[in-house]
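Visitor: Input model-v2.txt, format and content: compact mmCIF, N, CA and C atoms.
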```
# COMPACT_ATOMS: atom_id res chain seq x y z
N MET A 245 17.08 29.38 27.69
CA MET A 245 15.91 30.20 27.96
C MET A 245 14.65 29.66 27.28
N LEU A 246 14.81 28.65 26.43
CA LEU A 246 13.66 28.13 25.70
C LEU A 246 12.59 27.59 26.64
N LEU A 247 13.02 26.91 27.68
CA LEU A 247 12.05 26.34 28.61
C LEU A 247 11.98 27.15 29.90
N ALA A 248 11.96 28.45 29.78
CA ALA A 248 11.77 29.30 30.95
C ALA A 248 10.35 29.12 31.47
N TRP A 249 10.09 29.56 32.67
CA TRP A 249 8.81 29.33 33.33
C TRP A 249 7.59 29.72 32.48
N PRO A 250 7.54 30.87 31.81
CA PRO A 250 6.32 31.21 31.04
C PRO A 250 6.04 30.23 29.90
N SER A 251 7.06 29.62 29.32
CA SER A 251 6.81 28.69 28.22
C SER A 251 6.71 27.25 28.69
N MET A 252 6.98 26.97 29.97
CA MET A 252 6.96 25.60 30.47
C MET A 252 5.53 25.05 30.54
N ILE A 253 4.58 25.85 30.95
CA ILE A 253 3.20 25.36 31.11
C ILE A 253 2.58 25.02 29.76
N PRO A 254 2.64 25.90 28.76
CA PRO A 254 2.08 25.50 27.46
C PRO A 254 2.78 24.29 26.86
N PHE A 255 4.09 24.21 27.04
CA PHE A 255 4.83 23.05 26.53
C PHE A 255 4.36 21.77 27.21
N THR A 256 4.20 21.82 28.54
CA THR A 256 3.76 20.63 29.29
C THR A 256 2.37 20.21 28.87
N VAL A 257 1.45 21.16 28.75
CA VAL A 257 0.09 20.84 28.33
C VAL A 257 0.09 20.26 26.91
N GLY A 258 0.88 20.85 26.03
CA GLY A 258 0.95 20.35 24.66
C GLY A 258 1.56 18.96 24.58
N ALA A 259 2.62 18.71 25.35
CA ALA A 259 3.26 17.39 25.34
C ALA A 259 2.32 16.33 25.90
N LEU A 260 1.64 16.63 27.00
CA LEU A 260 0.70 15.66 27.57
C LEU A 260 -0.49 15.43 26.65
N GLY A 261 -0.96 16.50 25.99
CA GLY A 261 -2.05 16.34 25.02
C GLY A 261 -1.65 15.46 23.84
N CYS A 262 -0.43 15.68 23.34
CA CYS A 262 0.07 14.83 22.24
C CYS A 262 0.21 13.39 22.69
N ALA A 263 0.71 13.17 23.89
CA ALA A 263 0.87 11.80 24.39
C ALA A 263 -0.49 11.12 24.51
N ALA A 264 -1.50 11.84 25.00
CA ALA A 264 -2.84 11.25 25.13
C ALA A 264 -3.43 10.90 23.76
N LEU A 265 -3.29 11.80 22.81
CA LEU A 265 -3.84 11.54 21.48
C LEU A 265 -3.08 10.42 20.76
N LEU A 266 -1.78 10.36 20.92
CA LEU A 266 -1.01 9.28 20.31
C LEU A 266 -1.36 7.94 20.95
N GLY A 267 -1.61 7.94 22.25
CA GLY A 267 -2.04 6.71 22.92
C GLY A 267 -3.39 6.24 22.42
N LEU A 268 -4.31 7.17 22.19
CA LEU A 268 -5.61 6.80 21.63
C LEU A 268 -5.47 6.21 20.23
N GLY A 269 -4.60 6.81 19.43
CA GLY A 269 -4.37 6.29 18.08
C GLY A 269 -3.75 4.90 18.11
N ASN A 270 -2.83 4.68 19.01
CA ASN A 270 -2.19 3.37 19.14
C ASN A 270 -3.22 2.33 19.56
N GLY A 271 -4.07 2.67 20.52
CA GLY A 271 -5.11 1.74 20.94
C GLY A 271 -6.09 1.43 19.82
N ALA A 272 -6.41 2.44 19.01
CA ALA A 272 -7.34 2.22 17.90
C ALA A 272 -6.74 1.27 16.86
N VAL A 273 -5.46 1.40 16.61
CA VAL A 273 -4.81 0.51 15.64
C VAL A 273 -4.87 -0.93 16.12
N PHE A 274 -4.52 -1.16 17.38
CA PHE A 274 -4.50 -2.52 17.89
C PHE A 274 -5.91 -3.06 18.12
N LYS A 275 -6.91 -2.20 18.19
CA LYS A 275 -8.30 -2.65 18.26
C LYS A 275 -8.78 -3.13 16.89
N LEU A 276 -8.26 -2.54 15.83
CA LEU A 276 -8.68 -2.92 14.48
C LEU A 276 -8.06 -4.23 14.01
N VAL A 277 -6.93 -4.63 14.56
CA VAL A 277 -6.25 -5.84 14.10
C VAL A 277 -7.16 -7.06 14.18
N PRO A 278 -7.81 -7.37 15.32
CA PRO A 278 -8.66 -8.57 15.33
C PRO A 278 -9.91 -8.44 14.48
N GLN A 279 -10.33 -7.22 14.19
CA GLN A 279 -11.51 -7.06 13.33
C GLN A 279 -11.18 -7.38 11.88
N TYR A 280 -10.01 -7.00 11.42
CA TYR A 280 -9.63 -7.26 10.03
C TYR A 280 -8.96 -8.61 9.84
N PHE A 281 -8.30 -9.12 10.87
CA PHE A 281 -7.59 -10.39 10.78
C PHE A 281 -7.96 -11.28 11.96
N PRO A 282 -9.20 -11.78 12.00
CA PRO A 282 -9.63 -12.53 13.19
C PRO A 282 -8.88 -13.84 13.40
N ASN A 283 -8.43 -14.48 12.36
CA ASN A 283 -7.73 -15.76 12.51
C ASN A 283 -6.23 -15.60 12.70
N GLN A 284 -5.69 -14.44 12.42
CA GLN A 284 -4.25 -14.22 12.51
C GLN A 284 -3.91 -13.04 13.41
N THR A 285 -4.65 -12.84 14.46
CA THR A 285 -4.46 -11.66 15.31
C THR A 285 -3.04 -11.60 15.86
N GLY A 286 -2.53 -12.69 16.40
CA GLY A 286 -1.18 -12.69 16.96
C GLY A 286 -0.12 -12.48 15.90
N THR A 287 -0.33 -13.07 14.74
CA THR A 287 0.64 -12.95 13.65
C THR A 287 0.71 -11.53 13.13
N VAL A 288 -0.42 -10.87 13.03
CA VAL A 288 -0.46 -9.52 12.47
C VAL A 288 -0.03 -8.49 13.51
N THR A 289 -0.28 -8.75 14.78
CA THR A 289 0.07 -7.79 15.82
C THR A 289 1.58 -7.56 15.87
N GLY A 290 2.37 -8.59 15.61
CA GLY A 290 3.83 -8.43 15.61
C GLY A 290 4.32 -7.43 14.58
N PRO A 291 3.99 -7.61 13.30
CA PRO A 291 4.44 -6.62 12.31
C PRO A 291 3.85 -5.23 12.53
N VAL A 292 2.62 -5.16 13.03
CA VAL A 292 2.02 -3.84 13.29
C VAL A 292 2.81 -3.13 14.39
N GLY A 293 3.17 -3.86 15.44
CA GLY A 293 3.98 -3.27 16.50
C GLY A 293 5.37 -2.88 16.02
N ALA A 294 5.94 -3.72 15.15
CA ALA A 294 7.27 -3.41 14.61
C ALA A 294 7.23 -2.16 13.73
N MET A 295 6.18 -2.03 12.93
CA MET A 295 6.06 -0.83 12.10
C MET A 295 5.87 0.42 12.95
N GLY A 296 5.12 0.27 14.05
CA GLY A 296 4.97 1.40 14.96
C GLY A 296 6.30 1.78 15.59
N GLY A 297 7.11 0.78 15.93
CA GLY A 297 8.44 1.07 16.47
C GLY A 297 9.33 1.77 15.46
N LEU A 298 9.26 1.32 14.22
CA LEU A 298 10.04 2.00 13.17
C LEU A 298 9.53 3.41 12.92
N GLY A 299 8.22 3.58 13.03
CA GLY A 299 7.65 4.92 12.83
C GLY A 299 8.08 5.89 13.90
N GLY A 300 8.38 5.41 15.09
CA GLY A 300 8.88 6.29 16.13
C GLY A 300 10.39 6.45 16.11
N PHE A 301 11.08 5.53 15.47
CA PHE A 301 12.55 5.52 15.48
C PHE A 301 13.14 6.25 14.28
N SER A 302 12.55 6.09 13.11
CA SER A 302 13.18 6.61 11.90
C SER A 302 13.01 8.12 11.66
N PRO A 303 11.90 8.77 12.00
CA PRO A 303 11.81 10.21 11.71
C PRO A 303 12.90 11.07 12.35
N PRO A 304 13.26 10.86 13.62
CA PRO A 304 14.35 11.68 14.15
C PRO A 304 15.68 11.46 13.42
N LEU A 305 15.94 10.22 13.02
CA LEU A 305 17.16 9.95 12.26
C LEU A 305 17.12 10.63 10.90
N LEU A 306 15.96 10.59 10.26
CA LEU A 306 15.81 11.24 8.96
C LEU A 306 15.97 12.76 9.08
N LEU A 307 15.38 13.33 10.11
CA LEU A 307 15.51 14.78 10.32
C LEU A 307 16.97 15.16 10.57
N ALA A 308 17.65 14.36 11.39
CA ALA A 308 19.06 14.65 11.67
C ALA A 308 19.92 14.49 10.42
N PHE A 309 19.62 13.50 9.62
CA PHE A 309 20.38 13.29 8.39
C PHE A 309 20.25 14.51 7.46
N PHE A 310 19.03 14.96 7.22
CA PHE A 310 18.83 16.10 6.33
C PHE A 310 19.41 17.38 6.92
N ARG A 311 19.31 17.52 8.23
CA ARG A 311 19.85 18.72 8.87
C ARG A 311 21.38 18.77 8.72
N SER A 312 22.03 17.61 8.88
CA SER A 312 23.49 17.60 8.77
C SER A 312 23.97 17.75 7.33
N ARG A 313 23.21 17.21 6.37
CA ARG A 313 23.63 17.24 4.96
C ARG A 313 23.27 18.55 4.26
N THR A 314 22.04 19.04 4.52
CA THR A 314 21.57 20.21 3.77
C THR A 314 21.43 21.45 4.63
N GLY A 315 21.40 21.27 5.95
CA GLY A 315 21.20 22.42 6.83
C GLY A 315 19.74 22.77 7.01
N ALA A 316 18.84 22.02 6.36
CA ALA A 316 17.40 22.27 6.48
C ALA A 316 16.69 20.96 6.78
N ILE A 317 15.56 21.06 7.47
CA ILE A 317 14.82 19.83 7.77
C ILE A 317 13.56 19.69 6.93
N TRP A 318 13.24 20.69 6.12
CA TRP A 318 12.00 20.59 5.34
C TRP A 318 12.01 19.44 4.34
N PRO A 319 13.16 19.03 3.76
CA PRO A 319 13.10 17.86 2.86
C PRO A 319 12.70 16.58 3.60
N ALA A 320 13.10 16.47 4.85
CA ALA A 320 12.71 15.29 5.63
C ALA A 320 11.21 15.29 5.87
N PHE A 321 10.66 16.45 6.22
CA PHE A 321 9.21 16.52 6.40
C PHE A 321 8.46 16.24 5.11
N LEU A 322 9.01 16.69 4.00
CA LEU A 322 8.40 16.42 2.70
C LEU A 322 8.43 14.92 2.41
N LEU A 323 9.54 14.27 2.68
CA LEU A 323 9.65 12.83 2.46
C LEU A 323 8.71 12.05 3.39
N LEU A 324 8.64 12.45 4.64
CA LEU A 324 7.72 11.80 5.58
C LEU A 324 6.26 11.99 5.16
N SER A 325 5.92 13.18 4.69
CA SER A 325 4.55 13.44 4.22
C SER A 325 4.22 12.61 2.98
N ALA A 326 5.17 12.50 2.06
CA ALA A 326 4.94 11.69 0.86
C ALA A 326 4.77 10.21 1.24
N THR A 327 5.55 9.74 2.20
CA THR A 327 5.41 8.35 2.65
C THR A 327 4.06 8.13 3.30
N ALA A 328 3.63 9.08 4.12
CA ALA A 328 2.32 8.96 4.77
C ALA A 328 1.20 8.95 3.73
N LEU A 329 1.30 9.80 2.72
CA LEU A 329 0.30 9.83 1.66
C LEU A 329 0.28 8.53 0.87
N LEU A 330 1.43 8.00 0.56
CA LEU A 330 1.51 6.73 -0.16
C LEU A 330 0.89 5.59 0.66
N LEU A 331 1.21 5.53 1.94
CA LEU A 331 0.64 4.48 2.80
C LEU A 331 -0.86 4.66 2.99
N TRP A 332 -1.33 5.90 3.06
CA TRP A 332 -2.78 6.14 3.16
C TRP A 332 -3.48 5.63 1.91
N ARG A 333 -2.93 5.92 0.74
CA ARG A 333 -3.53 5.43 -0.51
C ARG A 333 -3.51 3.90 -0.56
N THR A 334 -2.44 3.29 -0.11
CA THR A 334 -2.36 1.83 -0.10
C THR A 334 -3.41 1.24 0.81
N ASN A 335 -3.56 1.80 2.01
CA ASN A 335 -4.60 1.32 2.92
C ASN A 335 -5.99 1.52 2.34
N HIS A 336 -6.20 2.65 1.70
CA HIS A 336 -7.50 2.92 1.09
C HIS A 336 -7.77 1.92 -0.02
N TRP A 337 -6.77 1.59 -0.80
CA TRP A 337 -6.92 0.65 -1.91
C TRP A 337 -7.18 -0.77 -1.41
N VAL A 338 -6.56 -1.15 -0.28
CA VAL A 338 -6.69 -2.51 0.22
C VAL A 338 -7.94 -2.69 1.06
N PHE A 339 -8.20 -1.78 2.00
CA PHE A 339 -9.22 -2.04 3.00
C PHE A 339 -10.61 -1.50 2.68
N VAL A 340 -10.73 -0.43 1.91
CA VAL A 340 -12.06 0.11 1.62
C VAL A 340 -12.90 -0.87 0.79
N PRO A 341 -12.37 -1.49 -0.28
CA PRO A 341 -13.20 -2.47 -1.00
C PRO A 341 -13.61 -3.64 -0.11
N ARG A 342 -12.73 -4.06 0.76
CA ARG A 342 -13.06 -5.16 1.66
C ARG A 342 -14.17 -4.76 2.61
N GLN A 343 -14.08 -3.55 3.17
CA GLN A 343 -15.12 -3.08 4.10
C GLN A 343 -16.45 -2.91 3.38
N GLN A 344 -16.44 -2.43 2.14
CA GLN A 344 -17.67 -2.29 1.38
C GLN A 344 -18.27 -3.65 1.07
N GLY A 345 -17.43 -4.64 0.80
CA GLY A 345 -17.91 -5.99 0.57
C GLY A 345 -18.55 -6.59 1.81
N VAL A 346 -18.00 -6.30 2.98
CA VAL A 346 -18.58 -6.79 4.23
C VAL A 346 -19.94 -6.14 4.47
N SER A 347 -20.04 -4.83 4.24
CA SER A 347 -21.30 -4.14 4.51
C SER A 347 -22.40 -4.53 3.53
N THR A 348 -22.05 -4.90 2.28
CA THR A 348 -23.07 -5.30 1.31
C THR A 348 -23.36 -6.79 1.33
N GLY A 349 -22.55 -7.56 2.05
CA GLY A 349 -22.77 -8.99 2.14
C GLY A 349 -22.04 -9.80 1.09
N VAL A 350 -21.27 -9.14 0.22
CA VAL A 350 -20.52 -9.85 -0.81
C VAL A 350 -19.37 -10.63 -0.18
N PHE A 351 -18.70 -10.01 0.72
CA PHE A 351 -17.58 -10.64 1.41
C PHE A 351 -18.02 -10.97 2.83
N LYS A 352 -17.93 -12.23 3.19
CA LYS A 352 -18.31 -12.63 4.54
C LYS A 352 -17.04 -13.02 5.28
N PRO A 353 -16.72 -12.28 6.33
CA PRO A 353 -15.49 -12.62 7.06
C PRO A 353 -15.64 -13.96 7.75
N ARG A 354 -14.53 -14.69 7.77
CA ARG A 354 -14.55 -15.98 8.45
C ARG A 354 -14.46 -15.75 9.95
N LEU A 355 -15.20 -16.56 10.68
CA LEU A 355 -15.12 -16.48 12.12
C LEU A 355 -13.86 -17.17 12.59
N PRO A 356 -13.32 -16.73 13.72
CA PRO A 356 -12.11 -17.37 14.21
C PRO A 356 -12.35 -18.82 14.57
N ASN A 357 -11.33 -19.64 14.35
CA ASN A 357 -11.44 -21.04 14.73
C ASN A 357 -11.42 -21.13 16.25
N ARG A 358 -12.43 -21.75 16.79
CA ARG A 358 -12.52 -21.88 18.25
C ARG A 358 -12.32 -23.33 18.62
N MET A 359 -11.51 -23.54 19.62
CA MET A 359 -11.34 -24.89 20.14
C MET A 359 -12.56 -25.22 20.98
N PRO A 360 -13.05 -26.45 20.93
CA PRO A 360 -14.19 -26.79 21.78
C PRO A 360 -13.78 -26.70 23.24
N THR A 361 -14.64 -26.11 24.02
CA THR A 361 -14.32 -25.96 25.43
C THR A 361 -14.76 -27.20 26.18
N THR A 362 -13.95 -27.60 27.13
CA THR A 362 -14.28 -28.74 27.97
C THR A 362 -14.13 -28.32 29.41
N SER A 363 -14.88 -28.94 30.25
CA SER A 363 -14.75 -28.64 31.67
C SER A 363 -13.57 -29.41 32.23
N CYS A 364 -13.28 -29.18 33.48
CA CYS A 364 -12.15 -29.89 34.08
C CYS A 364 -12.47 -31.37 34.25
N HIS A 365 -13.73 -31.76 34.12
CA HIS A 365 -14.13 -33.17 34.20
C HIS A 365 -14.49 -33.65 32.80
N SER A 366 -13.48 -33.76 31.96
CA SER A 366 -13.76 -34.16 30.58
C SER A 366 -14.17 -35.62 30.53
N ALA A 367 -14.80 -35.97 29.45
CA ALA A 367 -15.34 -37.33 29.31
C ALA A 367 -14.22 -38.37 29.27
N ARG A 368 -13.03 -37.97 28.83
CA ARG A 368 -11.95 -38.93 28.70
C ARG A 368 -11.41 -39.38 30.07
N GLY A 369 -11.29 -38.47 31.00
CA GLY A 369 -10.62 -38.83 32.23
C GLY A 369 -11.52 -38.87 33.46
N SER A 370 -12.80 -38.58 33.33
CA SER A 370 -13.64 -38.52 34.52
C SER A 370 -14.10 -39.91 34.95
N SER A 371 -14.38 -40.03 36.22
CA SER A 371 -14.86 -41.31 36.73
C SER A 371 -16.27 -41.63 36.25
N ALA A 372 -17.06 -40.58 35.93
CA ALA A 372 -18.41 -40.82 35.41
C ALA A 372 -18.34 -41.45 34.02
N ALA A 373 -17.38 -41.02 33.22
CA ALA A 373 -17.24 -41.58 31.89
C ALA A 373 -16.76 -43.02 31.98
N LYS A 374 -15.91 -43.33 32.93
CA LYS A 374 -15.42 -44.70 33.11
C LYS A 374 -16.55 -45.61 33.60
N ALA A 375 -17.43 -45.05 34.42
CA ALA A 375 -18.54 -45.86 34.96
C ALA A 375 -19.55 -46.20 33.86
N ARG A 376 -19.67 -45.30 32.87
CA ARG A 376 -20.63 -45.56 31.79
C ARG A 376 -20.13 -46.62 30.83
N THR A 377 -18.85 -46.85 30.78
CA THR A 377 -18.32 -47.81 29.79
C THR A 377 -18.21 -49.20 30.32
```
If you convert what's in this file into structure tokens, what do you get?
Guide:
Amino acid sequence: MLLAWPSMIPFTVGALGCAALLGLGNGAVFKLVPQYFPNQTGTVTGPVGAMGGLGGFSPPLLLAFFRSRTGAIWPAFLLLSATALLLWRTNHWVFVPRQQGVSTGVFKPRLPNRMPTTSCHSARGSSAAKART
């Protein structure tokens, strides 16, 4: 009876709203990767994606573990909240000084290494280059 017709509409709206907001958060995270790590975007995107996968995989297991052992799920929520707070402090400690250094000009981010672009008629193989030599 939990998902009877009167409760189905609010549940559906809430689930779709959560999915939209989580998608926005995911996009924001992957938008920040090249801004903070311009030379290692591909390298950093892998661990960021892996951590996101673990973040979606481990909470249900943790909740089930505490529910089966203690009969309550509040210790799991407490542990997840403490982990989130610890990671927030770590991010604040690592990234805020760097961002302040960028805004004041003390820290200048390196630009990504760019390969020189060549047209399909490069000087090495084109007939015009051969004619000049």
Visitor: How far is it from atom N of Lys275 in chain A to atom C of Val288 in chain A, in Å with one decimal?
Guide: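 Atom-to-atom, atom N of Lys275 in chain A to atom C of Val288 in chain A, that is 10.4 Å.
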Visitor: Calculate how many Å separate atom N of Thr289 in chain A from CA of Gly269 in chain A, rounding to one decimal.
Guide: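 These atoms are spaced 15.9 Å apart.
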Visitor: Would you compute the distance between atom C of Ala320 in chain A and atom C of Pro254 in chain A? Give it in Å to one decimal.
Guide: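 A separation of 24.3 Å between them.
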Visitor: Determine the axis-aligned bounding box of all atoms of range 280-294 of chain A present in the file, pad each side by 5 Å, and express its centre and edge lengths in Å to one decimal place as lines of an AutoDock Vina configuration file.
Guide:
```
center_x = -1.4
center_y = -9.0
center_z = 13.4
size_x = 27.3
size_y = 23.6
size_z = 17.1
```
Visitor: Give me, as a compact mmCIF listing (two decimals) with N, CA and C atoms, keeping the file's coordinate frame, all polymer residues having an atom no more than 12 Å from Asn270 in chain A, counting only C-alpha atoms and skipping those fewer than 2 positions away in the same chain.
Guide:
```txt
# COMPACT_ATOMS: atom_id res chain seq x y z
N ALA A 263 0.71 13.17 23.89
CA ALA A 263 0.87 11.80 24.39
C ALA A 263 -0.49 11.12 24.51
N ALA A 264 -1.50 11.84 25.00
CA ALA A 264 -2.84 11.25 25.13
C ALA A 264 -3.43 10.90 23.76
N LEU A 265 -3.29 11.80 22.81
CA LEU A 265 -3.84 11.54 21.48
C LEU A 265 -3.08 10.42 20.76
N LEU A 266 -1.78 10.36 20.92
CA LEU A 266 -1.01 9.28 20.31
C LEU A 266 -1.36 7.94 20.95
N GLY A 267 -1.61 7.94 22.25
CA GLY A 267 -2.04 6.71 22.92
C GLY A 267 -3.39 6.24 22.42
N LEU A 268 -4.31 7.17 22.19
CA LEU A 268 -5.61 6.80 21.63
C LEU A 268 -5.47 6.21 20.23
N ALA A 272 -6.41 2.44 19.01
CA ALA A 272 -7.34 2.22 17.90
C ALA A 272 -6.74 1.27 16.86
N VAL A 273 -5.46 1.40 16.61
CA VAL A 273 -4.81 0.51 15.64
C VAL A 273 -4.87 -0.93 16.12
N PHE A 274 -4.52 -1.16 17.38
CA PHE A 274 -4.50 -2.52 17.89
C PHE A 274 -5.91 -3.06 18.12
N LYS A 275 -6.91 -2.20 18.19
CA LYS A 275 -8.30 -2.65 18.26
C LYS A 275 -8.78 -3.13 16.89
N LEU A 276 -8.26 -2.54 15.83
CA LEU A 276 -8.68 -2.92 14.48
C LEU A 276 -8.06 -4.23 14.01
N VAL A 277 -6.93 -4.63 14.56
CA VAL A 277 -6.25 -5.84 14.10
C VAL A 277 -7.16 -7.06 14.18
N THR A 289 -0.28 -8.75 14.78
CA THR A 289 0.07 -7.79 15.82
C THR A 289 1.58 -7.56 15.87
N VAL A 292 2.62 -5.16 13.03
CA VAL A 292 2.02 -3.84 13.29
C VAL A 292 2.81 -3.13 14.39
N GLY A 293 3.17 -3.86 15.44
CA GLY A 293 3.98 -3.27 16.50
C GLY A 293 5.37 -2.88 16.02
N MET A 295 6.18 -2.03 12.93
CA MET A 295 6.06 -0.83 12.10
C MET A 295 5.87 0.42 12.95
N GLY A 296 5.12 0.27 14.05
CA GLY A 296 4.97 1.40 14.96
C GLY A 296 6.30 1.78 15.59
N GLY A 297 7.11 0.78 15.93
CA GLY A 297 8.44 1.07 16.47
C GLY A 297 9.33 1.77 15.46
N GLY A 299 8.22 3.58 13.03
CA GLY A 299 7.65 4.92 12.83
C GLY A 299 8.08 5.89 13.90
N GLY A 300 8.38 5.41 15.09
CA GLY A 300 8.88 6.29 16.13
C GLY A 300 10.39 6.45 16.11
```
